[in-house]
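Structure data (mmCIF, C-alpha atoms) from run.cif:
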```cif
data_coords
loop_
_atom_site.label_atom_id
_atom_site.label_comp_id
_atom_site.auth_asym_id
_atom_site.auth_seq_id
_atom_site.Cartn_x
_atom_site.Cartn_y
_atom_site.Cartn_z
CA MET A 1 104.50 -25.03 162.05
CA GLN A 2 106.54 -27.92 163.39
CA ARG A 3 109.12 -25.76 165.06
CA ARG A 4 106.47 -23.65 166.63
CA ALA A 5 105.13 -26.65 168.47
CA PHE A 6 108.30 -26.65 170.57
CA LEU A 7 107.14 -23.46 172.24
CA SER A 8 103.51 -22.98 171.54
CA ALA A 9 102.31 -25.07 174.44
CA ILE A 10 104.24 -22.90 176.86
CA LEU A 11 103.04 -19.70 175.26
CA ILE A 12 99.44 -20.72 175.63
CA GLY A 13 100.17 -21.77 179.18
CA THR A 14 101.56 -18.43 180.18
CA ALA A 15 98.74 -16.39 178.85
CA THR A 16 96.26 -18.42 180.79
CA ALA A 17 98.09 -20.15 183.60
CA LEU A 18 97.30 -17.60 186.26
CA LEU A 19 93.56 -18.00 186.10
CA LEU A 20 92.55 -21.17 184.36
CA PRO A 21 91.57 -24.45 185.99
CA LEU A 22 93.60 -27.64 185.90
CA ARG A 23 92.22 -28.83 182.60
CA ALA A 24 93.59 -25.84 180.75
CA ILE A 25 96.95 -26.18 182.43
CA ALA A 26 97.11 -29.85 181.55
CA ALA A 27 96.42 -28.91 177.95
CA ALA A 28 99.32 -26.46 177.94
CA TRP A 29 101.78 -28.94 179.41
CA ASN A 30 103.39 -31.09 176.72
CA LYS A 31 102.22 -34.46 177.99
CA ALA A 32 103.41 -36.47 175.00
CA ALA A 33 106.96 -35.15 175.27
CA PHE A 34 107.17 -35.72 179.03
CA ALA A 35 105.65 -39.23 178.83
CA ALA A 36 108.10 -40.32 176.13
CA ILE A 37 110.51 -42.98 177.35
CA LYS A 38 113.08 -42.65 174.61
CA LEU A 39 114.96 -39.43 174.08
CA GLU A 40 114.26 -39.45 170.32
CA GLU A 41 110.55 -39.74 170.98
CA ALA A 42 110.62 -36.84 173.46
CA GLU A 43 112.52 -34.75 170.90
CA ARG A 44 109.99 -35.60 168.22
CA ASN A 45 107.15 -34.46 170.48
CA LEU A 46 108.93 -31.14 170.94
CA ALA A 47 109.31 -30.90 167.14
CA ILE A 48 113.08 -30.78 167.47
CA ASP A 49 115.02 -31.84 164.43
CA GLY A 50 118.47 -31.49 162.92
CA GLU A 51 120.17 -30.28 166.07
CA ILE A 52 123.78 -29.18 165.53
CA LEU A 53 126.60 -29.85 167.99
CA SER A 54 127.69 -26.58 169.60
CA LYS A 55 130.60 -25.50 171.79
CA ASP A 56 128.63 -22.43 172.84
CA ILE A 57 126.49 -24.42 175.24
CA GLU A 58 128.25 -24.80 178.57
CA ILE A 59 127.08 -27.58 180.86
CA ILE A 60 128.28 -27.70 184.45
CA ALA A 61 127.41 -30.92 186.26
CA PRO A 62 129.45 -33.26 188.41
CA ASP A 63 131.48 -36.00 186.67
CA LYS A 64 130.28 -38.33 189.40
CA ALA A 65 127.06 -37.99 191.43
CA GLU A 66 126.85 -39.80 194.75
CA ASN A 67 123.08 -39.46 194.86
CA GLY A 68 121.08 -39.40 191.65
CA ALA A 69 118.11 -37.79 193.43
CA ILE A 70 119.88 -34.42 193.42
CA VAL A 71 122.28 -33.62 190.61
CA GLN A 72 123.03 -29.93 190.28
CA LEU A 73 123.04 -28.74 186.69
CA ALA A 74 124.03 -25.35 185.30
CA VAL A 75 123.52 -24.52 181.64
CA THR A 76 124.83 -21.37 180.01
CA CYS A 77 124.14 -20.72 176.36
CA ARG A 78 126.16 -18.23 174.31
CA ILE A 79 124.22 -18.67 171.06
CA ALA A 80 122.56 -15.47 169.81
CA ASN A 81 118.75 -15.36 169.94
CA THR A 82 118.41 -18.37 172.22
CA GLU A 83 114.71 -18.84 172.93
CA ALA A 84 114.63 -22.08 174.87
CA ILE A 85 116.76 -24.67 176.62
CA ALA A 86 115.46 -28.24 176.88
CA VAL A 87 117.08 -30.68 179.32
CA PHE A 88 117.10 -34.45 178.75
CA VAL A 89 118.61 -37.40 180.64
CA GLU A 90 119.00 -40.15 178.09
CA LYS A 91 118.65 -43.14 180.43
CA ASN A 92 115.95 -41.87 182.81
CA PRO A 93 112.56 -43.66 182.83
CA THR A 94 111.30 -40.62 180.90
CA ALA A 95 113.99 -38.65 179.13
CA LEU A 96 112.65 -35.10 179.17
CA ILE A 97 113.43 -33.23 182.40
CA GLY A 98 112.26 -29.72 181.57
CA ASN A 99 111.96 -27.03 178.97
CA PHE A 100 112.96 -23.44 179.83
CA MET A 101 111.84 -20.57 177.60
CA PHE A 102 113.31 -17.08 177.82
CA SER A 103 111.92 -13.66 176.90
CA ASN A 104 112.11 -9.95 177.81
CA GLY A 105 115.72 -9.82 178.95
CA ALA A 106 116.03 -13.20 180.64
CA MET A 107 119.48 -14.59 179.93
CA PRO A 108 119.71 -18.11 178.46
CA GLN A 109 121.28 -19.46 181.59
CA ILE A 110 119.82 -21.62 184.37
CA VAL A 111 120.85 -23.56 187.43
CA THR A 112 118.60 -26.32 188.71
CA ARG A 113 118.70 -29.77 190.31
CA ILE A 114 117.62 -32.91 188.49
CA LYS A 115 117.10 -36.63 189.11
CA MET A 116 119.20 -39.26 187.38
CA ALA A 117 118.29 -42.95 187.53
CA GLU A 118 121.68 -44.22 186.37
CA THR A 119 124.89 -43.21 184.67
CA SER A 120 123.87 -41.29 181.58
CA ASP A 121 124.44 -38.35 179.31
CA ILE A 122 122.66 -35.13 180.13
CA LYS A 123 121.66 -33.76 176.74
CA ILE A 124 120.84 -30.09 176.24
CA ILE A 125 119.00 -28.85 173.17
CA VAL A 126 118.79 -25.14 172.51
CA LYS A 127 116.33 -23.45 170.20
CA ALA A 128 117.71 -20.29 168.59
CA GLY A 129 115.60 -18.74 165.86
CA GLU A 130 114.81 -21.53 163.43
CA GLN A 131 117.71 -23.75 164.47
CA TYR A 132 118.46 -26.29 167.17
CA PHE A 133 121.84 -26.76 168.86
CA THR A 134 123.00 -29.43 171.26
CA ALA A 135 125.67 -30.42 173.77
CA SER A 136 125.98 -33.33 176.21
CA LYS A 137 127.75 -34.19 179.42
CA ASN A 138 128.13 -37.63 180.94
CA VAL A 139 127.46 -38.06 184.66
CA VAL A 140 128.36 -41.24 186.52
CA VAL A 141 125.59 -41.98 189.04
CA LEU A 142 126.45 -44.09 192.08
CA GLU A 143 122.96 -44.25 193.61
CA ASN A 144 119.67 -44.32 191.68
CA GLY A 145 117.71 -41.11 192.11
CA CYS A 146 114.41 -42.04 190.52
CA GLY A 147 113.10 -44.76 192.87
CA MET B 1 101.24 -20.42 199.61
CA GLU B 2 104.18 -18.08 200.16
CA ALA B 3 105.45 -20.24 203.01
CA ASN B 4 106.18 -22.89 200.37
CA MET B 5 108.62 -20.73 198.48
CA LYS B 6 111.81 -18.81 199.08
CA MET B 7 113.10 -16.17 196.69
CA ARG B 8 116.07 -13.86 196.45
CA ALA B 9 116.89 -11.31 193.74
CA LYS B 10 120.25 -9.58 193.73
CA LEU B 11 121.53 -7.00 191.24
CA LYS B 12 125.28 -7.18 190.65
CA SER B 13 127.17 -5.65 187.72
CA GLU B 14 124.02 -5.04 185.68
CA ILE B 15 122.70 -8.58 185.94
CA THR B 16 120.06 -9.67 188.42
CA GLU B 17 120.47 -13.14 189.83
CA VAL B 18 117.19 -14.67 191.00
CA LYS B 19 117.16 -17.76 193.19
CA VAL B 20 114.00 -19.72 193.92
CA ILE B 21 113.30 -22.74 196.10
CA ILE B 22 109.83 -24.31 196.12
CA SER B 23 108.78 -26.85 198.76
CA HIS B 24 107.22 -29.66 196.74
CA PRO B 25 107.44 -33.49 196.85
CA MET B 26 107.95 -33.92 193.07
CA GLU B 27 106.73 -37.53 193.27
CA THR B 28 107.40 -39.50 190.10
CA GLY B 29 104.54 -41.98 190.56
CA ARG B 30 107.05 -44.85 190.46
CA LYS B 31 108.00 -44.91 194.16
CA LYS B 32 106.33 -47.26 196.67
CA ASP B 33 105.43 -46.45 200.27
CA ASP B 34 106.15 -48.67 203.30
CA PHE B 35 103.10 -50.81 202.48
CA GLY B 36 104.18 -51.48 198.91
CA GLN B 37 101.60 -49.09 197.48
CA LEU B 38 102.61 -46.81 194.65
CA ILE B 39 102.77 -43.17 195.71
CA PRO B 40 100.78 -41.22 193.10
CA ALA B 41 102.64 -38.81 190.86
CA HIS B 42 102.63 -35.29 192.27
CA PHE B 43 104.87 -32.83 190.52
CA ILE B 44 105.06 -29.26 189.26
CA GLN B 45 104.34 -28.94 185.55
CA LEU B 46 104.32 -25.24 184.76
CA VAL B 47 106.34 -22.40 186.24
CA THR B 48 106.24 -18.77 185.13
CA ALA B 49 108.54 -15.95 186.22
CA THR B 50 107.66 -12.31 185.60
CA LEU B 51 109.51 -9.01 185.89
CA ASN B 52 107.07 -6.19 186.73
CA ASP B 53 104.26 -8.50 185.47
CA LYS B 54 105.96 -9.16 182.11
CA PRO B 55 106.90 -12.82 181.50
CA VAL B 56 110.65 -13.46 181.44
CA LEU B 57 110.90 -17.21 181.92
CA GLU B 58 108.36 -19.90 181.21
CA MET B 59 109.06 -23.48 182.15
CA GLN B 60 107.55 -26.91 181.66
CA TRP B 61 108.81 -29.48 184.13
CA GLY B 62 108.50 -33.24 184.40
CA THR B 63 109.12 -35.65 187.25
CA GLY B 64 112.89 -35.43 186.65
CA ILE B 65 113.22 -32.14 188.52
CA SER B 66 114.45 -32.90 192.06
CA LYS B 67 112.25 -32.72 195.15
CA ASN B 68 111.94 -29.16 196.52
CA PRO B 69 112.86 -27.65 193.15
CA TYR B 70 115.72 -25.20 193.01
CA LEU B 71 116.18 -22.67 190.24
CA THR B 72 118.53 -19.80 189.48
CA PHE B 73 117.91 -17.49 186.55
CA TYR B 74 119.39 -14.21 185.36
CA LEU B 75 117.81 -10.98 184.11
CA LYS B 76 119.48 -8.22 182.10
CA ASP B 77 116.87 -5.49 182.37
CA ALA B 78 115.91 -5.47 186.05
CA LYS B 79 116.50 -2.47 188.34
CA VAL B 80 116.60 -2.16 192.11
CA GLY B 81 113.02 -2.16 193.39
CA ASP B 82 111.58 -4.03 190.40
CA LYS B 83 109.16 -6.83 191.24
CA ILE B 84 109.95 -10.40 190.29
CA ALA B 85 107.21 -12.99 190.76
CA VAL B 86 107.19 -16.76 190.29
CA THR B 87 104.02 -18.87 189.97
CA TRP B 88 103.80 -22.66 189.70
CA HIS B 89 101.05 -25.19 188.90
CA ASP B 90 101.25 -28.93 189.60
CA ASN B 91 99.51 -31.98 188.13
CA LEU B 92 96.96 -32.09 190.97
CA GLY B 93 95.79 -28.55 190.35
CA LYS B 94 97.68 -27.02 193.24
CA THR B 95 99.37 -23.71 192.70
CA GLY B 96 101.69 -21.34 194.52
CA SER B 97 103.32 -18.00 193.96
CA SER B 98 105.74 -15.63 195.57
CA ASP B 99 107.37 -12.32 194.69
CA ILE B 100 110.33 -10.24 195.72
CA LEU B 101 111.84 -6.84 194.97
CA VAL B 102 115.27 -6.61 193.35
CA ALA B 103 117.93 -5.59 195.88
CA THR B 104 121.67 -4.98 195.71
#
```
Reformat the file's structure so that it appears as structure tokens.
Amino acid sequence: MQRRAFLSAILIGTATALLLPLRAIAAAWNKAAFAAIKLEEAERNLAIDGEILSKDIEIIAPDKAENGAIVQLAVTCRIANTEAIAVFVEKNPTALIGNFMFSNGAMPQIVTRIKMAETSDIKIIVKAGEQYFTASKNVVVLENGCG
Amino acid sequence: MEANMKMRAKLKSEITEVKVIISHPMETGRKKDDFGQLIPAHFIQLVTATLNDKPVLEMQWGTGISKNPYLTFYLKDAKVGDKIAVTWHDNLGKTGSSDILVAT
């Protein structure tokens, strides 16, 4: 059951998101995980445990970001049966940035732009079947992007 | 709400690359305005992408996604003319959606 919690909120959200009012959407969004200040706490609220370091997660982000308000991040995962990619910034005011879940031929690969408050690791955690995998990349931030 | 979004879907060598930009403030709730008042949090929480009405990507976002969110994703099974739609919901109950047909 624990592992299911990582995804169940999103699943419920999808089935209903198109029609339901705000209250239902708020229920589907994982508030506890997004409100968590510490990375470990956010992970716990996504029921992540025992993540294994993997070289099959490729993270492309700048070594140095001039402006932490916009840090471009590309994640490509080469692990079979990848279901979801979660993005964390360890030293942000709240660590969890987003959780991306793939199905029906979507490739486990995304490009997006994130905020970084200070120099920190970007930590990626991938869910594949019953296992979790992880990789990190450090980004030096010259100007706070979370003000 | 379509004016708030831009989408592009391009099929190249069997993979469709979909790019999305959504106009949205993505306020964290920690920033102050010129009068020292906190600007309330206003950010997208849920985003769903579909291919011909079947979900392909479901996302939960927090305040750490940059203002005017940008996203690229990739689909294996899309063909020219297929419909890709993206819908978002924010913490204030606002919502937006847009769709586009796959092109080469």
Inset, instruction - Starting from chain B, keep only residues with some atom at most 10 Å from an atom of chain A, counting only C-alpha atoms, and report them as a ChimeraX atom specification. - result: /B:15-16,18-21,27-32,45-51,54-78,87-95,97
Mind dumping the selected residues with C-alpha atoms as a compact mmCIF listing (two decimals), in the frame of the given file?
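Below is the file result-v9.txt, written as the result:
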```
# COMPACT_ATOMS: atom_id res chain seq x y z
CA ILE B 15 122.70 -8.58 185.94
CA THR B 16 120.06 -9.67 188.42
CA VAL B 18 117.19 -14.67 191.00
CA LYS B 19 117.16 -17.76 193.19
CA VAL B 20 114.00 -19.72 193.92
CA ILE B 21 113.30 -22.74 196.10
CA GLU B 27 106.73 -37.53 193.27
CA THR B 28 107.40 -39.50 190.10
CA GLY B 29 104.54 -41.98 190.56
CA ARG B 30 107.05 -44.85 190.46
CA LYS B 31 108.00 -44.91 194.16
CA LYS B 32 106.33 -47.26 196.67
CA GLN B 45 104.34 -28.94 185.55
CA LEU B 46 104.32 -25.24 184.76
CA VAL B 47 106.34 -22.40 186.24
CA THR B 48 106.24 -18.77 185.13
CA ALA B 49 108.54 -15.95 186.22
CA THR B 50 107.66 -12.31 185.60
CA LEU B 51 109.51 -9.01 185.89
CA LYS B 54 105.96 -9.16 182.11
CA PRO B 55 106.90 -12.82 181.50
CA VAL B 56 110.65 -13.46 181.44
CA LEU B 57 110.90 -17.21 181.92
CA GLU B 58 108.36 -19.90 181.21
CA MET B 59 109.06 -23.48 182.15
CA GLN B 60 107.55 -26.91 181.66
CA TRP B 61 108.81 -29.48 184.13
CA GLY B 62 108.50 -33.24 184.40
CA THR B 63 109.12 -35.65 187.25
CA GLY B 64 112.89 -35.43 186.65
CA ILE B 65 113.22 -32.14 188.52
CA SER B 66 114.45 -32.90 192.06
CA LYS B 67 112.25 -32.72 195.15
CA ASN B 68 111.94 -29.16 196.52
CA PRO B 69 112.86 -27.65 193.15
CA TYR B 70 115.72 -25.20 193.01
CA LEU B 71 116.18 -22.67 190.24
CA THR B 72 118.53 -19.80 189.48
CA PHE B 73 117.91 -17.49 186.55
CA TYR B 74 119.39 -14.21 185.36
CA LEU B 75 117.81 -10.98 184.11
CA LYS B 76 119.48 -8.22 182.10
CA ASP B 77 116.87 -5.49 182.37
CA ALA B 78 115.91 -5.47 186.05
CA THR B 87 104.02 -18.87 189.97
CA TRP B 88 103.80 -22.66 189.70
CA HIS B 89 101.05 -25.19 188.90
CA ASP B 90 101.25 -28.93 189.60
CA ASN B 91 99.51 -31.98 188.13
CA LEU B 92 96.96 -32.09 190.97
CA GLY B 93 95.79 -28.55 190.35
CA LYS B 94 97.68 -27.02 193.24
CA THR B 95 99.37 -23.71 192.70
CA SER B 97 103.32 -18.00 193.96
```
Legend entry - Interatomic distance, atom CA of A:Asn45 to atom CA of A:Val139 (Å, one decimal):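 Going from atom CA of A:Asn45 over to atom CA of A:Val139, I get 25.0 Å.
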Legend entry - Length of the atom CA of A:Ile37 to atom CA of A:Glu58 vector [Å]: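 According to the coordinates, atom CA of A:Ile37 and atom CA of A:Glu58 are separated by 25.4 Å.
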Inset, instruction - Apply the PyMOL selection byres ((chain A and resi 50) around 10) to the file shown and report the selected residues as a list in words. - result: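 After applying the PyMOL selection byres ((chain A and resi 50) around 10), what remains is Ile48, Asp49, Glu51, Ile52, Leu53, Gln131, Tyr132, Phe133 and Thr134 of chain A.
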Inset, instruction - Rounded to one decimal place, report the atom CA of A:Ser120-atom CA of A:Ala61 distance in Å. - result: 11.9 Å
Legend entry - Hits from the PyMOL selection byres ((chain B and resi 11) around 8), listed as a ChimeraX atom specification: /B:9-10,12-17,78-80,102-104
Could stretch 58-80 of chain A be completed with N, CA, C and O atoms and returned as a PDB file, in the frame of the given file?
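Writing done, so here's result-v8.pdb:
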```pdb
ATOM      1  N   GLU A  58     127.399 -24.338 177.475  1.00  0.00           N
ATOM      2  CA  GLU A  58     128.250 -24.800 178.570  1.00  0.00           C
ATOM      3  C   GLU A  58     127.397 -25.547 179.586  1.00  0.00           C
ATOM      4  O   GLU A  58     126.386 -25.027 180.063  1.00  0.00           O
ATOM      5  N   ILE A  59     127.808 -26.770 179.888  1.00  0.00           N
ATOM      6  CA  ILE A  59     127.080 -27.580 180.860  1.00  0.00           C
ATOM      7  C   ILE A  59     127.984 -27.823 182.056  1.00  0.00           C
ATOM      8  O   ILE A  59     129.084 -28.360 181.907  1.00  0.00           O
ATOM      9  N   ILE A  60     127.515 -27.410 183.236  1.00  0.00           N
ATOM     10  CA  ILE A  60     128.280 -27.700 184.450  1.00  0.00           C
ATOM     11  C   ILE A  60     127.466 -28.675 185.290  1.00  0.00           C
ATOM     12  O   ILE A  60     126.370 -28.363 185.755  1.00  0.00           O
ATOM     13  N   ALA A  61     128.017 -29.887 185.425  1.00  0.00           N
ATOM     14  CA  ALA A  61     127.410 -30.920 186.260  1.00  0.00           C
ATOM     15  C   ALA A  61     128.560 -31.766 186.770  1.00  0.00           C
ATOM     16  O   ALA A  61     129.635 -31.774 186.166  1.00  0.00           O
ATOM     17  N   PRO A  62     128.335 -32.480 187.872  1.00  0.00           N
ATOM     18  CA  PRO A  62     129.450 -33.260 188.410  1.00  0.00           C
ATOM     19  C   PRO A  62     129.818 -34.421 187.469  1.00  0.00           C
ATOM     20  O   PRO A  62     128.960 -34.937 186.760  1.00  0.00           O
ATOM     21  N   ASP A  63     131.104 -34.816 187.440  1.00  0.00           N
ATOM     22  CA  ASP A  63     131.480 -36.000 186.670  1.00  0.00           C
ATOM     23  C   ASP A  63     130.887 -37.243 187.306  1.00  0.00           C
ATOM     24  O   ASP A  63     130.537 -38.200 186.635  1.00  0.00           O
ATOM     25  N   LYS A  64     130.805 -37.199 188.631  1.00  0.00           N
ATOM     26  CA  LYS A  64     130.280 -38.330 189.400  1.00  0.00           C
ATOM     27  C   LYS A  64     129.267 -37.805 190.401  1.00  0.00           C
ATOM     28  O   LYS A  64     129.561 -36.853 191.119  1.00  0.00           O
ATOM     29  N   ALA A  65     128.071 -38.406 190.451  1.00  0.00           N
ATOM     30  CA  ALA A  65     127.060 -37.990 191.430  1.00  0.00           C
ATOM     31  C   ALA A  65     126.854 -39.114 192.427  1.00  0.00           C
ATOM     32  O   ALA A  65     126.523 -40.237 192.053  1.00  0.00           O
ATOM     33  N   GLU A  66     127.062 -38.803 193.700  1.00  0.00           N
ATOM     34  CA  GLU A  66     126.850 -39.800 194.750  1.00  0.00           C
ATOM     35  C   GLU A  66     125.394 -40.218 194.804  1.00  0.00           C
ATOM     36  O   GLU A  66     125.066 -41.386 194.936  1.00  0.00           O
ATOM     37  N   ASN A  67     124.513 -39.226 194.696  1.00  0.00           N
ATOM     38  CA  ASN A  67     123.080 -39.460 194.860  1.00  0.00           C
ATOM     39  C   ASN A  67     122.338 -38.908 193.644  1.00  0.00           C
ATOM     40  O   ASN A  67     122.285 -37.704 193.441  1.00  0.00           O
ATOM     41  N   GLY A  68     121.761 -39.818 192.876  1.00  0.00           N
ATOM     42  CA  GLY A  68     121.080 -39.400 191.650  1.00  0.00           C
ATOM     43  C   GLY A  68     119.804 -38.606 191.891  1.00  0.00           C
ATOM     44  O   GLY A  68     119.235 -38.047 190.953  1.00  0.00           O
ATOM     45  N   ALA A  69     119.344 -38.533 193.138  1.00  0.00           N
ATOM     46  CA  ALA A  69     118.110 -37.790 193.430  1.00  0.00           C
ATOM     47  C   ALA A  69     118.325 -36.279 193.297  1.00  0.00           C
ATOM     48  O   ALA A  69     117.378 -35.537 193.055  1.00  0.00           O
ATOM     49  N   ILE A  70     119.577 -35.853 193.491  1.00  0.00           N
ATOM     50  CA  ILE A  70     119.880 -34.420 193.420  1.00  0.00           C
ATOM     51  C   ILE A  70     121.198 -34.230 192.673  1.00  0.00           C
ATOM     52  O   ILE A  70     122.272 -34.400 193.244  1.00  0.00           O
ATOM     53  N   VAL A  71     121.088 -33.905 191.407  1.00  0.00           N
ATOM     54  CA  VAL A  71     122.280 -33.620 190.610  1.00  0.00           C
ATOM     55  C   VAL A  71     122.181 -32.165 190.159  1.00  0.00           C
ATOM     56  O   VAL A  71     121.262 -31.807 189.418  1.00  0.00           O
ATOM     57  N   GLN A  72     123.106 -31.339 190.648  1.00  0.00           N
ATOM     58  CA  GLN A  72     123.030 -29.930 190.280  1.00  0.00           C
ATOM     59  C   GLN A  72     123.524 -29.723 188.860  1.00  0.00           C
ATOM     60  O   GLN A  72     124.556 -30.244 188.462  1.00  0.00           O
ATOM     61  N   LEU A  73     122.748 -28.953 188.105  1.00  0.00           N
ATOM     62  CA  LEU A  73     123.040 -28.740 186.690  1.00  0.00           C
ATOM     63  C   LEU A  73     122.979 -27.246 186.393  1.00  0.00           C
ATOM     64  O   LEU A  73     122.004 -26.574 186.722  1.00  0.00           O
ATOM     65  N   ALA A  74     124.039 -26.738 185.763  1.00  0.00           N
ATOM     66  CA  ALA A  74     124.030 -25.350 185.300  1.00  0.00           C
ATOM     67  C   ALA A  74     124.230 -25.362 183.794  1.00  0.00           C
ATOM     68  O   ALA A  74     125.105 -26.060 183.279  1.00  0.00           O
ATOM     69  N   VAL A  75     123.405 -24.628 183.088  1.00  0.00           N
ATOM     70  CA  VAL A  75     123.520 -24.520 181.640  1.00  0.00           C
ATOM     71  C   VAL A  75     123.632 -23.050 181.280  1.00  0.00           C
ATOM     72  O   VAL A  75     122.814 -22.238 181.703  1.00  0.00           O
ATOM     73  N   THR A  76     124.671 -22.724 180.511  1.00  0.00           N
ATOM     74  CA  THR A  76     124.830 -21.370 180.010  1.00  0.00           C
ATOM     75  C   THR A  76     124.960 -21.451 178.501  1.00  0.00           C
ATOM     76  O   THR A  76     125.764 -22.216 177.986  1.00  0.00           O
ATOM     77  N   CYS A  77     124.141 -20.667 177.809  1.00  0.00           N
ATOM     78  CA  CYS A  77     124.140 -20.720 176.360  1.00  0.00           C
ATOM     79  C   CYS A  77     124.636 -19.383 175.808  1.00  0.00           C
ATOM     80  O   CYS A  77     124.170 -18.333 176.217  1.00  0.00           O
ATOM     81  N   ARG A  78     125.602 -19.453 174.897  1.00  0.00           N
ATOM     82  CA  ARG A  78     126.160 -18.230 174.310  1.00  0.00           C
ATOM     83  C   ARG A  78     125.752 -18.073 172.844  1.00  0.00           C
ATOM     84  O   ARG A  78     126.386 -17.359 172.093  1.00  0.00           O
ATOM     85  N   ILE A  79     124.697 -18.749 172.440  1.00  0.00           N
ATOM     86  CA  ILE A  79     124.220 -18.670 171.060  1.00  0.00           C
ATOM     87  C   ILE A  79     123.228 -17.507 170.964  1.00  0.00           C
ATOM     88  O   ILE A  79     122.319 -17.394 171.790  1.00  0.00           O
ATOM     89  N   ALA A  80     123.440 -16.646 169.958  1.00  0.00           N
ATOM     90  CA  ALA A  80     122.560 -15.470 169.810  1.00  0.00           C
ATOM     91  C   ALA A  80     121.114 -15.914 169.595  1.00  0.00           C
ATOM     92  O   ALA A  80     120.855 -16.940 168.974  1.00  0.00           O
TER      93      ALA A  80
END
```
